[in-house]
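Colleague: So that you have it, the file is structure.txt, and it contains compact mmCIF, C-alpha atoms:
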# COMPACT_ATOMS: atom_id res chain seq x y z
CA MET N 185 11.58 -73.05 -143.73
CA SER N 186 12.47 -76.39 -142.13
CA LEU N 187 14.79 -78.64 -144.07
CA HIS N 188 14.30 -82.29 -144.97
CA TRP N 189 17.51 -84.29 -145.42
CA ALA N 190 18.17 -87.83 -146.56
CA ALA N 191 21.53 -89.53 -146.02
CA LEU N 192 22.54 -92.54 -148.14
CA LEU N 193 25.55 -94.64 -147.18
CA THR N 194 27.16 -96.28 -150.20
CA ASP N 195 29.71 -98.31 -148.18
CA ALA N 196 27.18 -100.31 -146.17
CA ALA N 197 26.61 -103.05 -148.79
CA CYS N 198 27.76 -106.61 -148.20
CA ALA N 199 31.10 -107.77 -149.56
CA SER N 200 29.50 -110.04 -152.19
CA ALA N 201 27.58 -107.17 -153.81
CA PRO N 202 29.02 -104.86 -156.49
CA ARG N 203 30.81 -101.80 -155.16
CA ILE N 204 28.57 -98.73 -155.25
CA ASP N 205 29.91 -95.57 -156.84
CA PRO N 206 28.86 -92.62 -154.62
CA LEU N 207 29.13 -90.11 -157.47
CA GLY N 208 26.85 -92.29 -159.61
CA VAL N 209 24.32 -92.37 -156.77
CA ALA N 210 24.55 -88.58 -156.50
CA VAL N 211 23.81 -88.19 -160.21
CA TRP N 212 20.86 -90.58 -159.86
CA ALA N 213 19.53 -88.52 -156.91
CA LEU N 214 19.44 -85.33 -158.97
CA GLN N 215 16.09 -86.44 -160.40
CA PHE N 216 14.51 -85.70 -157.00
CA THR N 217 16.19 -82.40 -156.10
CA PRO N 218 19.01 -80.18 -157.37
CA ARG N 219 20.33 -79.97 -153.81
CA VAL N 220 22.49 -83.10 -153.72
CA ALA N 221 25.86 -83.29 -151.96
CA GLN N 222 28.44 -86.05 -151.88
CA GLN N 223 31.39 -86.48 -149.52
CA ALA N 224 33.45 -89.65 -149.32
CA GLN N 225 30.94 -92.55 -149.24
CA THR N 226 27.91 -90.45 -148.21
CA VAL N 227 25.27 -88.87 -150.45
CA TRP N 228 22.87 -86.26 -149.05
CA LEU N 229 19.60 -85.03 -150.53
CA GLU N 230 17.74 -81.95 -149.29
CA VAL N 231 14.18 -82.37 -150.59
CA ALA N 232 12.08 -79.84 -148.67
CA GLN N 233 11.35 -77.76 -151.77
CA SER N 234 10.73 -80.79 -154.01
CA MET N 235 8.13 -82.67 -151.98
CA ARG N 236 5.11 -81.04 -153.57
CA LEU N 237 6.30 -82.08 -157.04
CA PHE N 238 6.22 -85.75 -155.99
CA GLY N 239 2.94 -85.70 -154.11
CA GLY N 240 4.20 -85.07 -150.59
CA GLU N 241 6.55 -86.60 -148.05
CA GLY N 242 5.26 -90.16 -148.19
CA PRO N 243 5.41 -90.71 -151.97
CA LEU N 244 8.82 -89.05 -152.21
CA HIS N 245 10.21 -91.23 -149.41
CA GLN N 246 8.93 -94.33 -151.19
CA LEU N 247 10.51 -93.33 -154.52
CA VAL N 248 13.90 -92.55 -152.98
CA GLU N 249 13.97 -95.65 -150.78
CA ALA N 250 12.85 -97.99 -153.58
CA GLY N 251 15.44 -96.62 -155.99
CA ALA N 252 18.19 -96.71 -153.37
CA ALA N 253 17.37 -100.33 -152.59
CA GLU N 254 17.72 -101.26 -156.28
CA LEU N 255 21.10 -99.53 -156.33
CA GLY N 256 22.19 -101.74 -153.44
CA ILE N 257 22.00 -99.11 -150.67
CA THR N 258 20.82 -100.57 -147.38
CA ALA N 259 21.60 -97.70 -144.96
CA LEU N 260 19.35 -94.67 -145.42
CA ALA N 261 17.79 -92.19 -143.00
CA TRP N 262 15.72 -88.98 -142.93
CA ALA N 263 16.24 -86.10 -140.50
CA PRO N 264 15.97 -82.29 -140.21
CA THR N 265 19.76 -81.89 -140.61
CA SER N 266 22.28 -83.65 -142.83
CA LEU N 267 24.58 -84.73 -139.96
CA ALA N 268 21.60 -86.01 -138.00
CA ALA N 269 20.47 -88.04 -141.02
CA LEU N 270 24.00 -89.43 -141.38
CA ALA N 271 24.16 -90.36 -137.69
CA CYS N 272 20.77 -92.09 -137.88
CA ALA N 273 21.76 -94.00 -141.02
CA ARG N 274 24.92 -95.28 -139.32
CA MET N 275 22.94 -96.45 -136.31
CA GLY N 276 20.16 -98.09 -138.34
CA LEU N 277 17.46 -95.51 -137.58
CA ARG N 278 15.30 -94.72 -140.59
CA ASP N 279 13.10 -91.82 -139.36
CA GLY N 280 14.77 -88.87 -137.64
CA PHE N 281 11.44 -87.03 -137.58
CA ALA N 282 9.75 -89.51 -135.23
CA MET N 283 10.71 -87.45 -132.15
CA PRO N 284 12.21 -84.03 -131.42
CA LEU N 285 15.72 -83.93 -132.85
CA ALA N 286 17.45 -83.75 -129.47
CA GLN N 287 15.65 -86.89 -128.29
CA VAL N 288 16.73 -88.70 -131.47
CA LEU N 289 20.42 -87.73 -131.28
CA ASP N 290 21.13 -87.73 -127.55
CA PRO N 291 21.17 -91.57 -127.12
CA LEU N 292 23.44 -92.10 -130.15
CA PRO N 293 27.08 -93.08 -129.54
CA ILE N 294 30.01 -90.76 -130.18
CA ALA N 295 30.96 -92.72 -133.33
CA SER N 296 27.82 -91.53 -135.13
CA VAL N 297 29.33 -88.05 -135.80
CA ASP N 298 32.79 -87.95 -137.43
CA ALA N 299 34.02 -84.70 -135.86
CA VAL N 300 33.11 -86.00 -132.40
CA ASN N 301 34.46 -89.50 -133.05
CA ALA N 302 37.86 -87.98 -133.92
CA HIS N 303 38.31 -87.28 -130.18
CA GLN N 304 36.76 -90.52 -128.96
CA ALA N 305 39.75 -91.55 -126.82
CA THR N 306 39.82 -88.30 -124.87
CA LEU N 307 36.04 -88.09 -124.53
CA THR N 308 35.86 -91.67 -123.30
CA ARG N 309 38.37 -90.87 -120.55
CA LEU N 310 36.09 -87.98 -119.58
CA GLY N 311 33.21 -90.46 -119.21
CA CYS N 312 31.37 -89.56 -122.44
CA GLN N 313 29.67 -92.40 -124.27
CA THR N 314 26.81 -90.65 -126.11
CA LEU N 315 26.25 -87.33 -127.83
CA ALA N 316 24.22 -86.19 -124.85
CA ASP N 317 27.25 -86.73 -122.60
CA VAL N 318 29.38 -84.54 -124.88
CA ARG N 319 26.77 -81.78 -124.92
CA GLN N 320 26.73 -81.69 -121.11
CA LEU N 321 30.41 -80.73 -121.00
CA PRO N 322 31.16 -77.00 -120.58
CA ARG N 323 31.28 -75.37 -124.02
CA GLY N 324 34.17 -73.15 -122.99
CA GLY N 325 36.27 -76.11 -121.94
CA ILE N 326 35.41 -77.99 -125.14
CA SER N 327 36.42 -75.05 -127.34
CA ARG N 328 39.75 -74.70 -125.53
CA ARG N 329 40.62 -78.40 -125.34
CA PHE N 330 39.35 -79.59 -128.73
CA ASP N 331 39.32 -78.10 -132.19
CA SER N 332 36.50 -75.91 -133.38
CA GLN N 333 35.04 -78.65 -135.60
CA LEU N 334 33.65 -80.60 -132.65
CA LEU N 335 31.29 -77.87 -131.43
CA LEU N 336 30.48 -76.85 -135.01
CA ALA N 337 29.50 -80.42 -135.94
CA LEU N 338 27.37 -80.80 -132.81
CA ASP N 339 25.58 -77.51 -133.41
CA GLN N 340 24.98 -78.38 -137.06
CA ALA N 341 23.69 -81.85 -136.20
CA TYR N 342 21.23 -80.39 -133.67
CA GLY N 343 20.14 -77.64 -136.04
CA LEU N 344 21.72 -74.77 -134.10
CA ARG N 345 23.98 -73.66 -136.98
CA PRO N 346 23.41 -73.70 -140.74
CA GLU N 347 25.00 -76.33 -142.95
CA GLY N 348 26.62 -75.68 -146.29
CA TYR N 349 27.77 -78.06 -149.04
CA PRO N 350 28.99 -77.74 -152.62
CA TRP N 351 26.11 -79.18 -154.66
CA VAL N 352 26.76 -81.89 -157.24
CA LYS N 353 26.56 -80.56 -160.79
CA LEU N 354 24.62 -82.47 -163.40
CA PRO N 355 27.06 -83.73 -166.09
CA GLU N 356 26.40 -82.92 -169.73
CA THR N 357 26.86 -86.55 -170.79
CA PHE N 358 26.25 -89.82 -168.99
CA SER N 359 28.87 -92.50 -168.49
CA ALA N 360 29.14 -94.86 -165.53
CA LYS N 361 31.16 -97.93 -164.59
CA LEU N 362 30.52 -100.86 -162.29
CA GLU N 363 33.00 -103.43 -161.04
CA LEU N 364 31.34 -106.83 -160.80
CA PRO N 365 31.81 -108.81 -157.55
CA GLY N 366 32.81 -111.95 -159.47
CA ARG N 367 33.48 -113.42 -162.90
CA VAL N 368 30.38 -113.40 -165.12
CA GLU N 369 30.51 -116.06 -167.83
CA THR N 370 27.18 -115.55 -169.65
CA ALA N 371 25.83 -112.41 -171.25
CA PRO N 372 22.31 -112.53 -169.68
CA ALA N 373 23.95 -112.60 -166.22
CA LEU N 374 25.31 -109.11 -166.92
CA MET N 375 21.79 -107.73 -166.39
CA PHE N 376 22.23 -107.70 -162.60
CA GLY N 377 24.92 -105.05 -162.83
CA ALA N 378 23.55 -103.43 -165.99
CA ARG N 379 20.24 -102.64 -164.28
CA ARG N 380 22.04 -100.58 -161.65
CA LEU N 381 23.76 -98.59 -164.36
CA LEU N 382 20.46 -98.13 -166.19
CA LEU N 383 18.88 -96.82 -162.97
CA GLN N 384 21.63 -94.22 -162.73
CA MET N 385 21.09 -93.27 -166.36
CA GLY N 386 17.35 -93.01 -165.74
CA GLY N 387 17.95 -90.52 -162.94
CA TRP N 388 20.31 -88.52 -165.15
CA LEU N 389 17.76 -88.47 -167.99
CA SER N 390 14.99 -87.34 -165.65
CA ALA N 391 17.14 -84.55 -164.22
CA ARG N 392 18.07 -83.34 -167.72
CA GLN N 393 14.48 -83.79 -168.98
CA CYS N 394 15.76 -85.89 -171.87
CA GLY N 395 15.05 -89.27 -173.36
CA VAL N 396 17.56 -91.77 -174.66
CA THR N 397 17.32 -93.23 -178.16
CA ALA N 398 20.56 -95.24 -178.05
CA PHE N 399 22.83 -96.48 -175.28
CA THR N 400 25.90 -98.69 -175.25
CA LEU N 401 26.88 -101.32 -172.70
CA HIS N 402 30.59 -102.16 -172.58
CA TRP N 403 32.05 -105.11 -170.70
CA ARG N 404 35.69 -105.66 -169.91
CA HIS N 405 37.01 -109.19 -169.92
CA ASP N 406 38.60 -110.59 -166.81
CA ALA N 407 42.40 -110.56 -166.57
CA LEU N 408 42.46 -114.38 -166.72
CA ARG N 409 41.50 -114.64 -170.39
CA ALA N 410 42.93 -116.28 -173.46
CA ARG N 411 45.55 -114.40 -175.43
CA ASP N 412 43.49 -114.23 -178.60
CA VAL N 413 40.53 -112.62 -176.80
CA GLY N 414 40.35 -108.83 -176.76
CA GLU N 415 40.02 -106.65 -173.70
CA GLY N 416 36.24 -106.51 -174.01
CA ASP N 417 33.22 -105.96 -176.21
CA HIS N 418 30.06 -103.89 -176.33
CA ILE N 419 26.47 -103.83 -177.53
CA THR N 420 24.39 -100.83 -178.62
CA VAL N 421 20.63 -100.77 -178.05
CA ARG N 422 18.36 -98.34 -179.90
CA THR N 423 14.80 -97.26 -179.21
CA ALA N 424 12.16 -96.06 -181.64
CA GLN N 425 11.28 -93.06 -179.47
CA PRO N 426 13.06 -91.14 -176.68
CA THR N 427 12.34 -92.78 -173.33
CA GLN N 428 13.23 -92.58 -169.65
CA ASN N 429 11.53 -95.85 -168.71
CA VAL N 430 14.18 -97.97 -167.00
CA ASP N 431 12.06 -101.14 -167.04
CA HIS N 432 11.57 -100.84 -170.80
CA LEU N 433 15.29 -100.26 -171.35
CA CYS N 434 16.08 -103.32 -169.23
CA ARG N 435 13.73 -105.49 -171.30
CA LEU N 436 15.34 -104.30 -174.52
CA LEU N 437 18.85 -104.90 -173.19
CA MET N 438 17.86 -108.38 -171.95
CA GLU N 439 16.51 -109.31 -175.39
CA ASN N 440 19.77 -108.17 -177.00
CA LEU N 441 22.02 -109.89 -174.46
CA ALA N 442 20.16 -113.17 -175.02
CA ARG N 443 21.78 -113.33 -178.49
CA VAL N 444 25.31 -112.46 -177.27
CA GLN N 445 28.00 -114.98 -176.36
CA LEU N 446 30.86 -113.78 -174.15
CA LEU N 447 34.30 -114.66 -175.48
CA ALA N 448 35.69 -114.57 -171.93
CA PRO N 449 34.33 -113.94 -168.40
CA ALA N 450 33.53 -110.28 -167.73
CA GLY N 451 34.66 -108.39 -164.64
CA GLU N 452 33.62 -104.78 -165.27
CA LEU N 453 30.71 -102.97 -166.94
CA ALA N 454 30.39 -99.47 -168.38
CA LEU N 455 27.25 -97.78 -169.67
CA SER N 456 27.04 -94.64 -171.79
CA ALA N 457 24.13 -92.74 -173.32
CA THR N 458 25.18 -92.36 -176.95
CA GLU N 459 22.09 -90.61 -178.37
CA VAL N 460 19.92 -88.32 -176.25
CA THR N 461 17.13 -85.97 -177.32
CA PRO N 462 14.90 -83.56 -175.35
CA PHE N 463 12.01 -85.40 -173.77
CA ILE N 464 8.63 -83.66 -174.18
CA GLU N 465 5.92 -84.83 -171.81
CA THR N 466 2.37 -84.92 -173.13
CA SER N 467 0.07 -82.40 -171.47
CA ARG N 468 -2.22 -83.87 -168.85
CA SER N 469 -5.86 -83.07 -168.31
CA LEU N 470 -7.32 -81.89 -165.02
CA LEU N 471 -9.77 -84.78 -165.28
CA PRO N 472 -8.69 -88.38 -164.65
CA GLU N 473 -7.68 -90.17 -167.83
CA VAL N 474 -8.31 -93.80 -168.66
CA ARG N 475 -4.97 -95.49 -169.33
CA ALA N 476 -4.84 -98.40 -171.71
CA GLY N 477 -3.23 -101.54 -170.38
CA GLY N 478 -0.35 -103.40 -171.97
CA GLU N 479 2.72 -102.18 -173.79
CA ALA N 480 2.72 -99.43 -176.39
CA LEU N 481 3.14 -100.44 -180.03
CA ASN N 482 6.64 -98.98 -180.26
CA GLN N 483 7.77 -100.96 -177.23
CA VAL N 484 6.41 -104.20 -178.69
CA LEU N 485 8.15 -103.53 -182.03
CA GLU N 486 11.42 -102.75 -180.24
CA ARG N 487 11.28 -106.09 -178.41
CA ILE N 488 10.55 -107.93 -181.67
CA GLU N 489 13.51 -106.22 -183.35
CA ALA N 490 15.73 -107.12 -180.39
CA ARG N 491 14.85 -110.78 -180.93
CA LEU N 492 15.03 -110.85 -184.73
CA GLY N 493 18.03 -108.55 -185.16
CA GLN N 494 18.76 -105.05 -186.42
CA GLY N 495 17.02 -104.11 -189.65
CA ARG N 496 14.53 -107.01 -189.52
CA VAL N 497 11.55 -104.81 -188.50
CA LEU N 498 10.64 -102.14 -191.05
CA ARG N 499 8.17 -99.27 -191.00
CA PRO N 500 6.83 -97.26 -193.96
CA ARG N 501 7.72 -93.63 -194.56
CA LEU N 502 5.72 -91.50 -196.97
CA ILE N 503 7.61 -89.80 -199.80
CA GLU N 504 6.23 -86.99 -201.93
CA ASP N 505 5.96 -88.84 -205.24
CA SER N 506 3.08 -88.85 -207.69
CA ARG N 507 3.69 -92.54 -208.52
CA MET N 508 1.74 -94.74 -206.11
CA ALA N 509 4.32 -97.57 -206.15
CA TRP N 510 7.02 -95.23 -204.80
CA MET N 511 5.01 -93.17 -202.33
CA ALA N 512 6.00 -95.43 -199.44
CA HIS N 513 9.61 -96.21 -198.56
CA TRP N 514 10.35 -99.01 -196.09
CA GLN N 515 13.15 -98.28 -193.62
CA PRO N 516 14.43 -99.71 -190.30
CA MET N 517 12.12 -99.04 -187.40
CA ASN N 518 14.54 -96.81 -185.48
CA ALA N 519 15.88 -94.90 -188.50
CA THR N 520 15.70 -91.12 -188.29
CA ARG N 521 12.59 -89.78 -189.93
CA PRO N 522 12.59 -86.31 -191.51
CA GLY N 523 10.27 -83.76 -189.97
CA ILE N 524 9.00 -82.54 -193.38
CA LYS N 525 5.26 -82.99 -193.81
CA VAL N 526 4.31 -84.85 -196.98
CA ARG N 527 1.46 -83.37 -198.98
CA GLN N 528 -1.47 -85.67 -199.62
CA ALA N 529 -1.80 -86.89 -203.18
CA PRO N 530 -4.89 -85.58 -205.04
CA GLY N 531 -7.64 -87.91 -206.09
CA PRO N 532 -8.81 -91.22 -204.60
CA GLN N 533 -6.13 -93.60 -203.32
CA PRO N 534 -6.59 -97.39 -203.27
CA THR N 535 -6.20 -99.46 -200.12
CA TRP N 536 -3.99 -102.10 -201.77
CA ILE N 537 -1.78 -101.95 -204.83
CA LEU N 538 -0.33 -104.81 -206.83
CA LYS N 539 3.44 -105.18 -206.91
CA ASN N 540 3.23 -105.72 -210.68
CA PRO N 541 0.20 -104.24 -212.53
CA LEU N 542 -2.04 -106.89 -214.11
CA LYS N 543 -2.82 -106.45 -217.79
CA LEU N 544 -6.57 -106.63 -218.49
CA ASP N 545 -8.44 -108.03 -221.46
CA VAL N 546 -10.40 -105.57 -223.56
CA GLN N 547 -13.71 -106.16 -225.37
CA ASP N 548 -15.22 -103.42 -227.52
CA ASP N 549 -12.83 -100.88 -225.94
CA CYS N 550 -14.12 -101.89 -222.49
CA PRO N 551 -11.66 -103.34 -219.92
CA LEU N 552 -12.62 -106.69 -218.38
CA TYR N 553 -11.94 -108.07 -214.89
CA GLN N 554 -14.40 -110.75 -213.76
CA GLY N 555 -16.76 -109.14 -216.24
CA PRO N 556 -17.04 -105.69 -217.84
CA LEU N 557 -15.79 -102.73 -215.79
CA GLN N 558 -17.76 -99.51 -215.41
CA LEU N 559 -15.59 -96.39 -215.36
CA LEU N 560 -16.65 -94.12 -212.47
CA LEU N 561 -13.98 -91.44 -212.00
CA GLY N 562 -11.15 -90.27 -214.20
CA PRO N 563 -8.96 -89.85 -215.91
CA GLU N 564 -6.31 -88.73 -213.37
CA ARG N 565 -3.08 -88.18 -215.27
CA ILE N 566 0.15 -89.18 -213.48
CA GLU N 567 3.44 -88.45 -215.16
CA GLY N 568 6.83 -88.53 -213.42
CA GLY N 569 9.91 -90.49 -212.52
CA TRP N 570 12.21 -89.20 -215.23
CA TRP N 571 14.84 -88.75 -212.51
CA HIS N 572 14.47 -92.32 -211.21
CA ARG N 573 16.95 -94.73 -212.79
CA VAL N 574 17.96 -98.25 -211.77
CA THR N 575 20.47 -100.79 -213.01
CA ASP N 576 18.99 -103.59 -215.12
CA ALA N 577 20.16 -107.21 -215.36
CA GLU N 578 22.66 -106.38 -218.09
CA GLY N 579 24.26 -103.56 -216.08
CA GLY N 580 22.67 -100.74 -218.05
CA GLN N 581 20.56 -97.86 -216.78
CA MET N 582 16.77 -98.15 -216.99
CA SER N 583 14.34 -95.29 -216.44
CA LEU N 584 11.28 -95.77 -214.22
CA GLN N 585 9.34 -92.90 -215.75
CA VAL N 586 5.58 -93.52 -215.99
CA THR N 587 2.90 -91.82 -218.09
CA ARG N 588 -0.52 -93.12 -217.15
CA ASP N 589 -4.20 -92.15 -216.97
CA TYR N 590 -5.85 -93.63 -213.86
CA TRP N 591 -9.55 -94.44 -213.43
CA VAL N 592 -11.76 -95.69 -210.64
CA ALA N 593 -13.73 -98.60 -212.08
CA LEU N 594 -16.52 -100.72 -210.66
CA SER N 595 -16.71 -104.50 -210.98
CA GLN N 596 -19.90 -106.41 -210.10
CA HIS N 597 -17.81 -109.11 -208.38
CA ALA N 598 -14.52 -107.45 -207.30
CA GLY N 599 -15.85 -104.07 -206.16
CA ALA N 600 -14.05 -100.75 -206.72
CA LEU N 601 -10.77 -101.05 -208.63
CA TRP N 602 -7.97 -98.69 -209.57
CA ILE N 603 -6.97 -99.17 -213.19
CA PHE N 604 -4.84 -97.20 -215.61
CA GLN N 605 -4.33 -96.82 -219.33
CA LEU N 606 -0.96 -96.15 -220.88
CA ARG N 607 -0.66 -92.99 -222.97
CA LEU N 608 0.19 -94.16 -226.50
CA PRO N 609 0.15 -92.58 -229.93
CA ARG N 610 -3.33 -92.12 -231.39
CA ASN N 611 -2.98 -94.87 -233.97
CA GLU N 612 -2.12 -97.52 -231.34
CA ALA N 613 -4.61 -99.34 -229.12
CA ALA N 614 -4.13 -98.45 -225.46
CA SER N 615 -3.78 -101.30 -222.98
CA TRP N 616 -5.56 -101.39 -219.58
CA TYR N 617 -3.92 -102.53 -216.32
CA LEU N 618 -5.24 -103.27 -212.84
CA HIS N 619 -3.06 -101.53 -210.21
CA GLY N 620 -5.07 -101.25 -206.99
CA ILE N 621 -8.12 -102.32 -205.03
CA PHE N 622 -10.36 -100.21 -202.80
CA ALA N 623 -11.29 -102.09 -199.63
Please lay out the structure from this file as structure tokens.

Modeller:
Amino acid sequence: MSLHWAALLTDAACASAPRIDPLGVAVWALQFTPRVAQQAQTVWLEVAQSMRLFGGEGPLHQLVEAGAAELGITALAWAPTSLAALACARMGLRDGFAMPLAQVLDPLPIASVDAVNAHQATLTRLGCQTLADVRQLPRGGISRRFDSQLLLALDQAYGLRPEGYPWVKLPETFSAKLELPGRVETAPALMFGARRLLLQMGGWLSARQCGVTAFTLHWRHDALRARDVGEGDHITVRTAQPTQNVDHLCRLLMENLARVQLLAPAGELALSATEVTPFIETSRSLLPEVRAGGEALNQVLERIEARLGQGRVLRPRLIEDSRMAWMAHWQPMNATRPGIKVRQAPGPQPTWILKNPLKLDVQDDCPLYQGPLQLLLGPERIEGGWWHRVTDAEGGQMSLQVTRDYWVALSQHAGALWIFQLRLPRNEAASWYLHGIFA
């Protein structure tokens, strides 16, 4: 089986750009193939066995090249061998498959292959300027005059000998750093470097088939800072659901950074995935599916919470309680929800309930609300809450136990209502209360 190598040079960026961490790039590349190698400032990917998973050669090339460009990598090449891809990347050639491999490599200078460039002075005196010139020398003389690495590197570059590398192992946790090219004085300006770190985390999440629910961005203050300012600060961003979407994570981080004020200029960033859970993809149909446009509800709520602050966006959680007023508990949007399924309460349930039940007038033992009410269904007896106690205004304990008989009543003007009657001794008149409305 023919091999398909990509070589990425992490030291080819301009001086004004942030320094690229080759190991971070290698971890990012693991989302495309498990066969990733890293030596010095070079990262190699062998993707021959992964192409079909990404739709073929063209789509995979586009994904790798687009991601590498966002990471700041400008020198990248594809070729049948790793050393050939490295030589092409150094010389600015993108496609090593455009011609037969020998025709691609022969015109390249000696400096394109490290093992050959190590003997550049001697080879130049012999009249060698290109790799083709070196190959025309007698192999016996080369093996006697130079070390064995020269012929080995040439043979490996031209595909005559196999190549072997120790593959990069996927780390159990994600943590990456980035040194900024200059002093950053505002928090939103940190997004330029933070996006690169988020891209690396996205690759790590994809390779581990996980989604992040919380990540932390740390920034270290520049050495030229005031004495009363600490070494740095951090911000933690949470998501309602596990996600690998880098664009969504960037939007959330941008919303949070908009409310942060740096105490001193920042010179270094660090990103860590603090909460990660297995990411389960939804099964896809063989037939094309219609995708709804716009953002998902959870993403919109996360952005609103990022603007308003933690704990300002609440969502209801059902609790198994017979008392309607305590069946729903409001909690922060990203709070952990138990996986226990709540049983549905028996009997009809109103659409809206009043915060405080409204006492109704009674005429001839008939409750009134915009006229006489006709009892349709009931009674449904609800009794509970003996365990529920709260502190009253005087500091004492008050029980929230209820003992009620609920009815569904019909009003000619208000529609279907949910009313209850308190259980009282037989010699006392029972009062009626309006508690809910059926929409």

Colleague: For Leu437 (chain N), which residue among N:Leu244, N:Met375, N:Met235, N:Leu455 is the nearest when counting all atoms listed in the file?

Modeller: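 Checking each candidate against Leu437 (chain N), we get N:Met375 as the closest.
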
Colleague: Using only C-alpha atoms, find all polymer residues with an atom at most 6 Å away from the point (26.8, -105.2, -175.6); report them as a list in words.

Modeller: Leu401, His402, His418, Ile419 and Thr420 of chain N

Colleague: Which polymer residues have any atom within 12 Å of an atom of Thr265 (chain N), counting all atoms listed in the file, with same-chain residues fewer than 5 positions away left out, as an MDAnalysis selection string?

Modeller: chainID N and resid 186:191 228:232 270:272 280:281 285:286 288:289 337:348

Colleague: Measuring atom to atom with all atoms listed in the file, identify which of N:Thr194, N:Thr427, N:Thr217, N:Gln304 is nearest to Gly395 (chain N).

Modeller: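 When distances to Gly395 (chain N) are compared using all atoms listed in the file, the smallest one comes from N:Thr427.
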
Colleague: Please provide the set of residues having any atom within 12 Å of Asn440 (chain N), restricted to only C-alpha atoms, with same-chain residues fewer than 4 positions apart removed, written as a list in words.

Modeller: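 Counting only the stated atoms, we get Ala371, Pro372, Leu374, Met375, Thr400, Leu401, His418, Ile419, Thr420, Val421, Arg422, Leu433, Cys434, Arg435, Leu436, Val444, Gln445, Glu486, Arg487, Ile488, Glu489, Ala490, Arg491, Leu492, Gly493 and Gln494 of chain N.
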
Colleague: Just to be explicit: take each residue in the selection above, keep C-alpha atoms, and write the result as a PDB file, keeping the file's coordinate frame.

Modeller:
ATOM      1  CA  ALA N 371      25.830-112.410-171.250  1.00  0.00           C
ATOM      2  CA  PRO N 372      22.310-112.530-169.680  1.00  0.00           C
ATOM      3  CA  LEU N 374      25.310-109.110-166.920  1.00  0.00           C
ATOM      4  CA  MET N 375      21.790-107.730-166.390  1.00  0.00           C
ATOM      5  CA  THR N 400      25.900 -98.690-175.250  1.00  0.00           C
ATOM      6  CA  LEU N 401      26.880-101.320-172.700  1.00  0.00           C
ATOM      7  CA  HIS N 418      30.060-103.890-176.330  1.00  0.00           C
ATOM      8  CA  ILE N 419      26.470-103.830-177.530  1.00  0.00           C
ATOM      9  CA  THR N 420      24.390-100.830-178.620  1.00  0.00           C
ATOM     10  CA  VAL N 421      20.630-100.770-178.050  1.00  0.00           C
ATOM     11  CA  ARG N 422      18.360 -98.340-179.900  1.00  0.00           C
ATOM     12  CA  LEU N 433      15.290-100.260-171.350  1.00  0.00           C
ATOM     13  CA  CYS N 434      16.080-103.320-169.230  1.00  0.00           C
ATOM     14  CA  ARG N 435      13.730-105.490-171.300  1.00  0.00           C
ATOM     15  CA  LEU N 436      15.340-104.300-174.520  1.00  0.00           C
ATOM     16  CA  VAL N 444      25.310-112.460-177.270  1.00  0.00           C
ATOM     17  CA  GLN N 445      28.000-114.980-176.360  1.00  0.00           C
ATOM     18  CA  GLU N 486      11.420-102.750-180.240  1.00  0.00           C
ATOM     19  CA  ARG N 487      11.280-106.090-178.410  1.00  0.00           C
ATOM     20  CA  ILE N 488      10.550-107.930-181.670  1.00  0.00           C
ATOM     21  CA  GLU N 489      13.510-106.220-183.350  1.00  0.00           C
ATOM     22  CA  ALA N 490      15.730-107.120-180.390  1.00  0.00           C
ATOM     23  CA  ARG N 491      14.850-110.780-180.930  1.00  0.00           C
ATOM     24  CA  LEU N 492      15.030-110.850-184.730  1.00  0.00           C
ATOM     25  CA  GLY N 493      18.030-108.550-185.160  1.00  0.00           C
ATOM     26  CA  GLN N 494      18.760-105.050-186.420  1.00  0.00           C
TER      27      GLN N 494
END

Colleague: Nearest residue to Glu369 (chain N) out of N:Glu452, N:Asp412, N:Asp290, N:Asp317, using only C-alpha atoms?

Modeller: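 Comparing N:Glu452, N:Asp412, N:Asp290, N:Asp317 against Glu369 (chain N), the winner is N:Glu452.
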
Colleague: Near region 566-570 of chain N, within 8 Å and counting only C-alpha atoms, which residues show up once chain neighbours fewer than 5 positions away are dropped, as a count of residues only?

Modeller: 10

Colleague: Could you give me, as a list in words, the residues that sit within 12 Å of (-4.8, -86.1, -205.8) in the file's coordinates, counting all atoms listed in the file?

Modeller: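 The residues near that point, listed by chain and number, are Glu504, Asp505, Ser506, Arg507, Met508, Arg527, Gln528, Ala529, Pro530, Gly531, Pro532, Gln533, Pro534, Gly562, Pro563, Glu564, Arg565, Ile566 and Tyr590 of chain N.
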
Colleague: Could the residues in this selection be saved with C-alpha atoms as a compact mmCIF listing (two decimals), keeping the file's coordinate frame?

Modeller:
# COMPACT_ATOMS: atom_id res chain seq x y z
CA GLU N 504 6.23 -86.99 -201.93
CA ASP N 505 5.96 -88.84 -205.24
CA SER N 506 3.08 -88.85 -207.69
CA ARG N 507 3.69 -92.54 -208.52
CA MET N 508 1.74 -94.74 -206.11
CA ARG N 527 1.46 -83.37 -198.98
CA GLN N 528 -1.47 -85.67 -199.62
CA ALA N 529 -1.80 -86.89 -203.18
CA PRO N 530 -4.89 -85.58 -205.04
CA GLY N 531 -7.64 -87.91 -206.09
CA PRO N 532 -8.81 -91.22 -204.60
CA GLN N 533 -6.13 -93.60 -203.32
CA PRO N 534 -6.59 -97.39 -203.27
CA GLY N 562 -11.15 -90.27 -214.20
CA PRO N 563 -8.96 -89.85 -215.91
CA GLU N 564 -6.31 -88.73 -213.37
CA ARG N 565 -3.08 -88.18 -215.27
CA ILE N 566 0.15 -89.18 -213.48
CA TYR N 590 -5.85 -93.63 -213.86
